[in-house]
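Engineer: Below is the file query_26.cif, with mmCIF, C-alpha atoms and all ligand atoms.
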data_structure
loop_
_atom_site.label_atom_id
_atom_site.label_comp_id
_atom_site.auth_asym_id
_atom_site.auth_seq_id
_atom_site.Cartn_x
_atom_site.Cartn_y
_atom_site.Cartn_z
CA MET A 2 2.47 -22.28 -12.43
CA ILE A 3 0.95 -18.85 -12.98
CA THR A 4 -1.56 -17.33 -10.58
CA GLU A 5 -3.33 -14.10 -11.47
CA ILE A 6 -4.56 -12.42 -8.31
CA LYS A 7 -8.21 -11.49 -8.80
CA HIS A 8 -8.73 -9.37 -5.69
CA PRO A 9 -10.52 -6.05 -6.37
CA VAL A 10 -8.01 -4.10 -4.26
CA ILE A 11 -5.19 -5.41 -6.46
CA LYS A 12 -7.08 -4.56 -9.68
CA THR A 13 -7.86 -1.04 -8.44
CA LEU A 14 -4.20 -0.38 -7.61
CA VAL A 15 -2.99 -1.72 -10.97
CA ASN A 16 -5.49 0.48 -12.81
CA HIS A 17 -4.28 3.56 -10.92
CA LEU A 18 -0.80 2.74 -12.26
CA ARG A 19 -2.13 3.00 -15.82
CA ALA A 20 -3.36 6.59 -15.43
CA VAL A 21 -0.91 9.12 -16.85
CA ASP A 22 -1.74 11.57 -14.05
CA THR A 23 -0.34 9.09 -11.51
CA ASP A 24 2.98 10.83 -10.87
CA ALA A 25 6.27 9.07 -10.04
CA LEU A 26 5.89 9.37 -6.27
CA ARG A 27 2.38 7.89 -6.25
CA PHE A 28 3.45 5.32 -8.84
CA ARG A 29 6.22 4.05 -6.56
CA HIS A 30 3.87 4.13 -3.59
CA ILE A 31 1.32 1.93 -5.38
CA VAL A 32 4.09 -0.44 -6.47
CA HIS A 33 5.17 -0.72 -2.79
CA GLU A 34 1.63 -1.60 -1.77
CA LEU A 35 1.12 -4.11 -4.57
CA ALA A 36 4.41 -5.88 -3.85
CA ARG A 37 3.51 -6.20 -0.18
CA LEU A 38 0.04 -7.56 -0.94
CA MET A 39 1.46 -10.01 -3.45
CA ALA A 40 4.13 -11.25 -1.04
CA TYR A 41 1.32 -11.85 1.46
CA GLU A 42 -0.50 -13.99 -1.13
CA ALA A 43 2.61 -15.80 -2.38
CA LEU A 44 3.67 -16.84 1.12
CA SER A 45 0.25 -18.07 2.21
CA ASP A 46 1.43 -21.71 2.35
CA GLU A 47 4.71 -21.08 4.17
CA VAL A 48 5.29 -23.44 7.09
CA LEU A 49 5.90 -21.54 10.30
CA LYS A 50 9.08 -22.29 12.21
CA LYS A 51 9.00 -22.34 16.00
CA LYS A 52 11.28 -19.86 17.64
CA GLU A 53 11.62 -19.17 21.35
CA ILE A 54 11.16 -15.56 22.34
CA GLU A 55 10.89 -13.72 25.59
CA ILE A 56 7.41 -12.31 26.19
CA TRP A 57 6.00 -10.24 29.05
CA ASN A 58 5.77 -13.10 31.55
CA SER A 59 7.91 -16.00 30.27
CA LYS A 60 9.91 -17.50 27.44
CA ARG A 61 7.88 -19.44 24.88
CA ALA A 62 8.16 -20.75 21.33
CA PHE A 63 5.92 -19.23 18.63
CA GLY A 64 5.65 -19.75 14.88
CA PHE A 65 7.34 -17.36 12.46
CA ILE A 66 8.12 -17.37 8.76
CA ASP A 67 11.78 -18.33 8.42
CA GLU A 68 12.67 -15.00 6.90
CA GLU A 69 16.41 -15.67 7.01
CA ASN A 70 15.72 -18.28 4.35
CA LEU A 71 14.07 -15.70 2.08
CA LEU A 72 16.05 -13.90 -0.58
CA PHE A 73 14.39 -11.11 -2.54
CA VAL A 74 15.93 -10.35 -5.92
CA SER A 75 14.95 -7.11 -7.56
CA ILE A 76 15.39 -6.64 -11.28
CA LEU A 77 16.65 -3.10 -11.78
CA ARG A 78 15.51 -0.71 -12.15
CA ALA A 79 11.73 -1.08 -12.19
CA GLY A 80 11.85 -3.73 -9.45
CA LEU A 81 13.43 -1.32 -6.94
CA PRO A 82 10.21 0.03 -5.40
CA MET A 83 8.98 -3.55 -4.96
CA ILE A 84 11.96 -4.62 -2.85
CA GLU A 85 11.62 -1.66 -0.48
CA SER A 86 8.24 -2.76 0.82
CA VAL A 87 8.82 -6.51 0.99
CA THR A 88 12.05 -6.13 2.91
CA ALA A 89 10.23 -3.83 5.34
CA LEU A 90 7.87 -6.75 5.94
CA PHE A 91 10.75 -9.22 6.42
CA PRO A 92 13.77 -7.31 7.78
CA GLN A 93 15.84 -10.49 8.28
CA ALA A 94 15.49 -11.55 4.64
CA SER A 95 18.42 -10.89 2.34
CA SER A 96 18.36 -8.97 -0.93
CA GLY A 97 19.97 -9.33 -4.30
CA PHE A 98 20.02 -7.14 -7.38
CA LEU A 99 20.14 -7.99 -11.04
CA ALA A 100 20.20 -5.15 -13.53
CA MET A 101 18.76 -5.87 -16.95
CA LYS A 102 17.98 -3.66 -19.88
CA ARG A 103 15.83 -4.69 -22.78
CA ASP A 104 17.41 -3.66 -26.08
CA GLU A 105 14.69 -1.61 -27.76
CA LYS A 106 15.69 -2.87 -31.24
CA THR A 107 16.32 -6.57 -30.70
CA HIS A 108 13.99 -6.83 -27.66
CA GLN A 109 16.64 -9.06 -26.05
CA SER A 110 17.54 -8.46 -22.41
CA VAL A 111 21.13 -7.72 -21.44
CA ILE A 112 22.42 -8.24 -17.88
CA TYR A 113 24.69 -5.37 -16.83
CA TYR A 114 24.96 -5.89 -13.06
CA ASP A 115 24.70 -9.05 -10.98
CA ARG A 116 24.79 -8.72 -7.20
CA ILE A 117 22.90 -11.84 -6.14
CA PRO A 118 24.22 -13.47 -2.97
CA GLU A 119 24.39 -17.23 -2.20
CA CYS A 120 21.00 -18.79 -3.05
CA LYS A 121 21.59 -22.45 -2.16
CA GLY A 122 18.58 -23.89 -0.33
CA LYS A 123 16.81 -20.54 -0.13
CA THR A 124 13.40 -19.41 -1.29
CA VAL A 125 14.21 -16.78 -3.91
CA ILE A 126 11.50 -14.24 -4.67
CA LEU A 127 12.05 -12.35 -7.90
CA LEU A 128 10.57 -8.87 -8.21
CA ASP A 129 9.90 -7.16 -11.54
CA PRO A 130 6.74 -5.21 -12.36
CA MET A 131 6.55 -6.20 -16.03
CA VAL A 132 6.54 -9.34 -18.17
CA ALA A 133 6.35 -8.17 -21.82
CA THR A 134 8.11 -10.71 -24.08
CA GLY A 135 9.14 -12.64 -20.98
CA GLY A 136 12.79 -12.57 -22.06
CA SER A 137 14.12 -10.61 -19.06
CA LEU A 138 12.33 -12.80 -16.54
CA CYS A 139 13.42 -16.04 -18.26
CA ASP A 140 17.04 -14.88 -18.19
CA ALA A 141 16.80 -13.80 -14.55
CA ILE A 142 15.31 -17.18 -13.57
CA SER A 143 18.11 -19.01 -15.45
CA VAL A 144 20.77 -16.99 -13.60
CA ILE A 145 19.17 -17.85 -10.26
CA LYS A 146 18.65 -21.54 -11.08
CA HIS A 147 22.42 -21.90 -11.52
CA LYS A 148 22.75 -20.89 -7.89
CA GLU A 149 20.62 -23.86 -6.69
CA PRO A 150 17.83 -22.27 -4.63
CA ALA A 151 15.20 -24.53 -3.02
CA LYS A 152 12.37 -22.64 -4.67
CA ILE A 153 11.81 -19.68 -7.00
CA ILE A 154 8.75 -17.45 -6.81
CA SER A 155 8.22 -14.50 -9.13
CA LEU A 156 6.09 -11.48 -8.22
CA ASN A 157 5.03 -9.39 -11.22
CA LEU A 158 2.47 -6.64 -11.53
CA ILE A 159 1.45 -6.73 -15.19
CA GLY A 160 2.14 -9.08 -18.09
CA SER A 161 1.15 -10.08 -21.59
CA PRO A 162 -0.35 -13.54 -22.19
CA GLU A 163 2.40 -14.16 -24.78
CA GLY A 164 5.24 -13.32 -22.39
CA LEU A 165 3.72 -15.36 -19.58
CA ASP A 166 3.42 -18.36 -21.91
CA VAL A 167 7.11 -18.08 -22.71
CA VAL A 168 8.02 -18.04 -19.01
CA GLU A 169 5.71 -20.96 -18.21
CA HIS A 170 7.12 -23.10 -21.02
CA LYS A 171 10.74 -22.35 -20.23
CA HIS A 172 10.43 -22.51 -16.45
CA PRO A 173 7.37 -24.63 -15.54
CA ASP A 174 8.81 -25.30 -12.08
CA ILE A 175 8.54 -21.76 -10.73
CA HIS A 176 5.42 -20.17 -9.26
CA LEU A 177 4.63 -16.78 -10.76
CA TYR A 178 2.08 -14.47 -9.15
CA ILE A 179 0.79 -11.62 -11.27
CA ALA A 180 -1.58 -8.79 -10.44
CA GLN A 181 -2.89 -8.34 -13.99
CA ILE A 182 -2.70 -10.30 -17.23
CA ASP A 183 -3.40 -7.75 -19.96
CA GLU A 184 -4.84 -8.23 -23.46
CA LYS A 185 -1.75 -8.82 -25.56
CA LEU A 186 1.80 -7.97 -26.57
CA ASP A 187 1.63 -5.24 -29.23
CA SER A 188 3.75 -5.04 -32.38
CA ASN A 189 6.36 -2.94 -30.52
CA MET A 190 6.62 -5.67 -27.86
CA PHE A 191 4.84 -3.55 -25.25
CA ILE A 192 2.11 -4.85 -22.97
CA TYR A 193 -1.29 -3.66 -24.29
CA PRO A 194 -3.09 -1.72 -22.91
CA GLY A 195 -0.38 -1.74 -20.23
CA LEU A 196 0.94 1.16 -18.22
CA GLY A 197 3.96 2.34 -20.21
CA ASP A 198 7.46 1.51 -19.02
CA ALA A 199 7.39 0.93 -15.26
CA GLY A 200 10.99 2.12 -14.83
CA ASP A 201 10.30 5.37 -16.67
CA ARG A 202 7.03 5.92 -14.81
CA ALA A 203 8.68 5.33 -11.42
CA TYR A 204 11.71 7.53 -12.04
CA ASN A 205 10.49 10.27 -14.43
CA THR A 206 12.57 9.31 -17.44
CA GLU A 207 11.84 8.58 -21.05
CA GLY A 208 13.12 5.47 -22.81
C1 LIG B 1 11.28 -3.62 -18.30
C2 LIG B 1 10.68 -4.42 -17.18
C3 LIG B 1 11.23 -5.80 -17.38
C4 LIG B 1 11.37 -5.88 -18.88
C5 LIG B 1 10.22 -6.67 -19.44
O1 LIG B 1 12.55 -3.19 -17.98
O2 LIG B 1 10.92 -3.89 -15.90
O3 LIG B 1 12.49 -5.99 -16.75
O4 LIG B 1 11.31 -4.54 -19.39
O5 LIG B 1 10.38 -6.84 -20.81
P1 LIG B 1 10.56 -8.28 -21.46
O6 LIG B 1 9.56 -9.17 -20.79
O7 LIG B 1 10.23 -8.04 -22.91
O8 LIG B 1 11.96 -8.73 -21.26
P2 LIG B 1 13.43 -2.25 -18.94
O9 LIG B 1 14.27 -3.09 -19.83
O10 LIG B 1 12.55 -1.24 -19.61
O11 LIG B 1 14.44 -1.56 -17.94
P3 LIG B 1 14.15 -0.51 -16.75
O12 LIG B 1 13.61 -1.32 -15.59
O13 LIG B 1 15.46 0.07 -16.45
O14 LIG B 1 13.14 0.49 -17.23
#
Could you render the structure as structure tokens?
Ligand code: PRP

Structural biologist:
Amino acid sequence: MITEIKHPVIKTLVNHLRAVDTDALRFRHIVHELARLMAYEALSDEVLKKKEIEIWNSKRAFGFIDEENLLFVSILRAGLPMIESVTALFPQASSGFLAMKRDEKTHQSVIYYDRIPECKGKTVILLDPMVATGGSLCDAISVIKHKEPAKIISLNLIGSPEGLDVVEHKHPDIHLYIAQIDEKLDSNMFIYPGLGDAGDRAYNTEG
């Protein structure tokens, strides 16, 4: 299932990302904010688990998200700023990293680093700003499915309708939240109008 978040705050932040005068520091800052807001939305149905804590006058049980059951997986490198803010929200959650690079000629993604811990029974939340052809995300989801998580959620900031269709057809069982579905995938396999390459924008590189 794909959910585009329609909130005006989300749209405003995404559109600031598009502007070329948004420098790398502000770009990463906006990505932090968006990831946090999207995690808030994506976890709105989480069942709270009772946990006893000591408060000012007694010991009592209160409801908390079972953050030890959450595993955030960032797709490097553009997903890095996203994981910083969501793990600040859930310090007991664990983190994994999957590095992928899209070959600019074949447009196929290649995995060059896999540091994903045990996923069995966990809620895995994938973090990658962009879904262009959808190839990178489909591959990342396949890698994680082999590790038998209870649930996979994907948080993405901007995507093409074509790429999102690919992900939905290949992995109809995951829930993908996206801040902005743009007009199309252009002939160079870039999201149009898009925001450029999120990794380059975040880290001041080209290509
Ligand atoms: C970007 C982006 C996604 C991928 C999307 O990463 O962060 O991972 O491309 O493209 P796709 O949907 O066509 O697979 P990129 O390969 O540019 O690497 P980077 O994060 O290091 O910039």

Engineer: When you draw a straight line from atom CA of A:Cys139 to atom CA of A:Val10, how long is it in Å?

Structural biologist: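 That distance, rounded to one decimal, is 28.2 Å.
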
Engineer: Given all atoms listed in the file as the basis, pick out the residue of A:Ser143, A:Ser59, A:Thr134, A:Ser45 nearest to ligand LIG 1 (chain B).

Structural biologist: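 Answer, going by the shortest atom-to-atom distance: A:Thr134.
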
Engineer: Residues within 8 Å of ligand LIG 1 (chain B), counting all atoms listed in the file: report them as an mmCIF file with C-alpha atoms, in the coordinates of the input.

Structural biologist:
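Resulting contents of out.cif:
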data_model
loop_
_atom_site.group_PDB
_atom_site.id
_atom_site.type_symbol
_atom_site.label_atom_id
_atom_site.label_comp_id
_atom_site.auth_asym_id
_atom_site.auth_seq_id
_atom_site.Cartn_x
_atom_site.Cartn_y
_atom_site.Cartn_z
ATOM 1 C CA ILE A 76 15.390 -6.640 -11.280
ATOM 2 C CA LEU A 77 16.650 -3.100 -11.780
ATOM 3 C CA ARG A 78 15.510 -0.710 -12.150
ATOM 4 C CA ALA A 79 11.730 -1.080 -12.190
ATOM 5 C CA GLY A 80 11.850 -3.730 -9.450
ATOM 6 C CA ALA A 100 20.200 -5.150 -13.530
ATOM 7 C CA MET A 101 18.760 -5.870 -16.950
ATOM 8 C CA LYS A 102 17.980 -3.660 -19.880
ATOM 9 C CA ARG A 103 15.830 -4.690 -22.780
ATOM 10 C CA ASP A 104 17.410 -3.660 -26.080
ATOM 11 C CA HIS A 108 13.990 -6.830 -27.660
ATOM 12 C CA GLN A 109 16.640 -9.060 -26.050
ATOM 13 C CA SER A 110 17.540 -8.460 -22.410
ATOM 14 C CA ASP A 129 9.900 -7.160 -11.540
ATOM 15 C CA PRO A 130 6.740 -5.210 -12.360
ATOM 16 C CA MET A 131 6.550 -6.200 -16.030
ATOM 17 C CA VAL A 132 6.540 -9.340 -18.170
ATOM 18 C CA ALA A 133 6.350 -8.170 -21.820
ATOM 19 C CA THR A 134 8.110 -10.710 -24.080
ATOM 20 C CA GLY A 135 9.140 -12.640 -20.980
ATOM 21 C CA GLY A 136 12.790 -12.570 -22.060
ATOM 22 C CA SER A 137 14.120 -10.610 -19.060
ATOM 23 C CA LEU A 138 12.330 -12.800 -16.540
ATOM 24 C CA GLY A 160 2.140 -9.080 -18.090
ATOM 25 C CA GLY A 164 5.240 -13.320 -22.390
ATOM 26 C CA MET A 190 6.620 -5.670 -27.860
ATOM 27 C CA PHE A 191 4.840 -3.550 -25.250
ATOM 28 C CA ASP A 198 7.460 1.510 -19.020
ATOM 29 C CA ALA A 199 7.390 0.930 -15.260
ATOM 30 C CA GLY A 200 10.990 2.120 -14.830
ATOM 31 C CA ASP A 201 10.300 5.370 -16.670
ATOM 32 C CA GLY A 208 13.120 5.470 -22.810
#

Engineer: Quote the spacing between atom CA of A:Lys171 and atom CA of A:Val32 in Å to one decimal place.

Structural biologist: 26.7 Å

Engineer: Report, in Å to a single decimal, how far apart atom CA of A:Ile126 and atom CA of A:Ala36 are.

Structural biologist: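 If I compute the distance from atom CA of A:Ala36 to atom CA of A:Ile126, I get 11.0 Å.
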
Engineer: Kindly extract all protein, DNA and RNA residues lying within 10 Å of the coordinates (-4.3, -1.9, -5.4) given in the file, considering all atoms listed in the file, and supply them as a PyMOL selection string.

Structural biologist: chain A and resi 8-18+31-36+38+180

Engineer: With only C-alpha atoms as the basis for distance, which of A:Thr124, A:Asn157, A:Thr23, A:Thr107 is at the shortest distance from A:Ile84?

Structural biologist: A:Asn157

Engineer: Could you check which of A:Met83, A:Ile6, A:Tyr41, A:Gly64 is closest to A:Ala203, using all atoms listed in the file?

Structural biologist: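 Ranking A:Met83, A:Ile6, A:Tyr41, A:Gly64 by distance to A:Ala203, first place goes to A:Met83.
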
Engineer: Which protein, DNA or RNA residues have an atom at most 10 Å from (25.4, -4.7, -4.9), counting all atoms listed in the file? List them as number ranges by chain.

Structural biologist: A: 96-99, 114-118

Engineer: Just C-alpha atoms for this one: save the residues we selected as a PDB file, in the frame of the given file.

Structural biologist:
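selection-v7.pdb was written with the following content:
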ATOM      1  CA  SER A  96      18.360  -8.970  -0.930  1.00  0.00           C
ATOM      2  CA  GLY A  97      19.970  -9.330  -4.300  1.00  0.00           C
ATOM      3  CA  PHE A  98      20.020  -7.140  -7.380  1.00  0.00           C
ATOM      4  CA  LEU A  99      20.140  -7.990 -11.040  1.00  0.00           C
ATOM      5  CA  TYR A 114      24.960  -5.890 -13.060  1.00  0.00           C
ATOM      6  CA  ASP A 115      24.700  -9.050 -10.980  1.00  0.00           C
ATOM      7  CA  ARG A 116      24.790  -8.720  -7.200  1.00  0.00           C
ATOM      8  CA  ILE A 117      22.900 -11.840  -6.140  1.00  0.00           C
ATOM      9  CA  PRO A 118      24.220 -13.470  -2.970  1.00  0.00           C
TER      10      PRO A 118
END

Engineer: Would you please work out which residue, of A:Lys7, A:Ile154, A:Asp24, A:Asn189, is nearest to A:Glu105 when using only C-alpha atoms?

Structural biologist: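 Counting only C-alpha atoms, the residue closest to A:Glu105 is A:Asn189.
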
Engineer: For A:Phe63, find every residue with an atom within 12 Å (counting all atoms listed in the file), except residues of its own chain fewer than 4 positions away, and show them as a ChimeraX atom specification.

Structural biologist: /A:49-56,67

Engineer: Which residue, A:Gly122, A:Leu128, A:Ile112, A:Glu69, has the smallest gap to A:Met39 when you use only C-alpha atoms?

Structural biologist: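 Answer, going by the shortest atom-to-atom distance: A:Leu128.
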
Engineer: Using only C-alpha atoms, which residue out of A:Val21, A:Leu44, A:Leu90, A:Ile192 lies closest to A:Leu177?

Structural biologist: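 Of A:Val21, A:Leu44, A:Leu90, A:Ile192, the one nearest A:Leu177 is A:Leu44, counting only C-alpha atoms.
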
Engineer: Excluding A:Val125 and its own-chain neighbours fewer than 6 positions away, which residues fall within 7 Å of it when counting all atoms listed in the file? Please give them as a PDB file with C-alpha atoms, in the frame of the given file.

Structural biologist:
ATOM      1  CA  LEU A  71      14.070 -15.700   2.080  1.00  0.00           C
ATOM      2  CA  LEU A  72      16.050 -13.900  -0.580  1.00  0.00           C
ATOM      3  CA  PHE A  73      14.390 -11.110  -2.540  1.00  0.00           C
ATOM      4  CA  VAL A  74      15.930 -10.350  -5.920  1.00  0.00           C
ATOM      5  CA  PRO A 150      17.830 -22.270  -4.630  1.00  0.00           C
ATOM      6  CA  LYS A 152      12.370 -22.640  -4.670  1.00  0.00           C
ATOM      7  CA  ILE A 153      11.810 -19.680  -7.000  1.00  0.00           C
ATOM      8  CA  ILE A 154       8.750 -17.450  -6.810  1.00  0.00           C
TER       9      ILE A 154
END

Engineer: Got a sec: who's within 7 Å of A:Gln181, counting only C-alpha atoms, leaving out chain neighbours fewer than 5 positions off, as a list of chain:residue names?

Structural biologist: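 My list of contacting residues is A:Glu5, A:Leu158, A:Ile159, A:Gly160.
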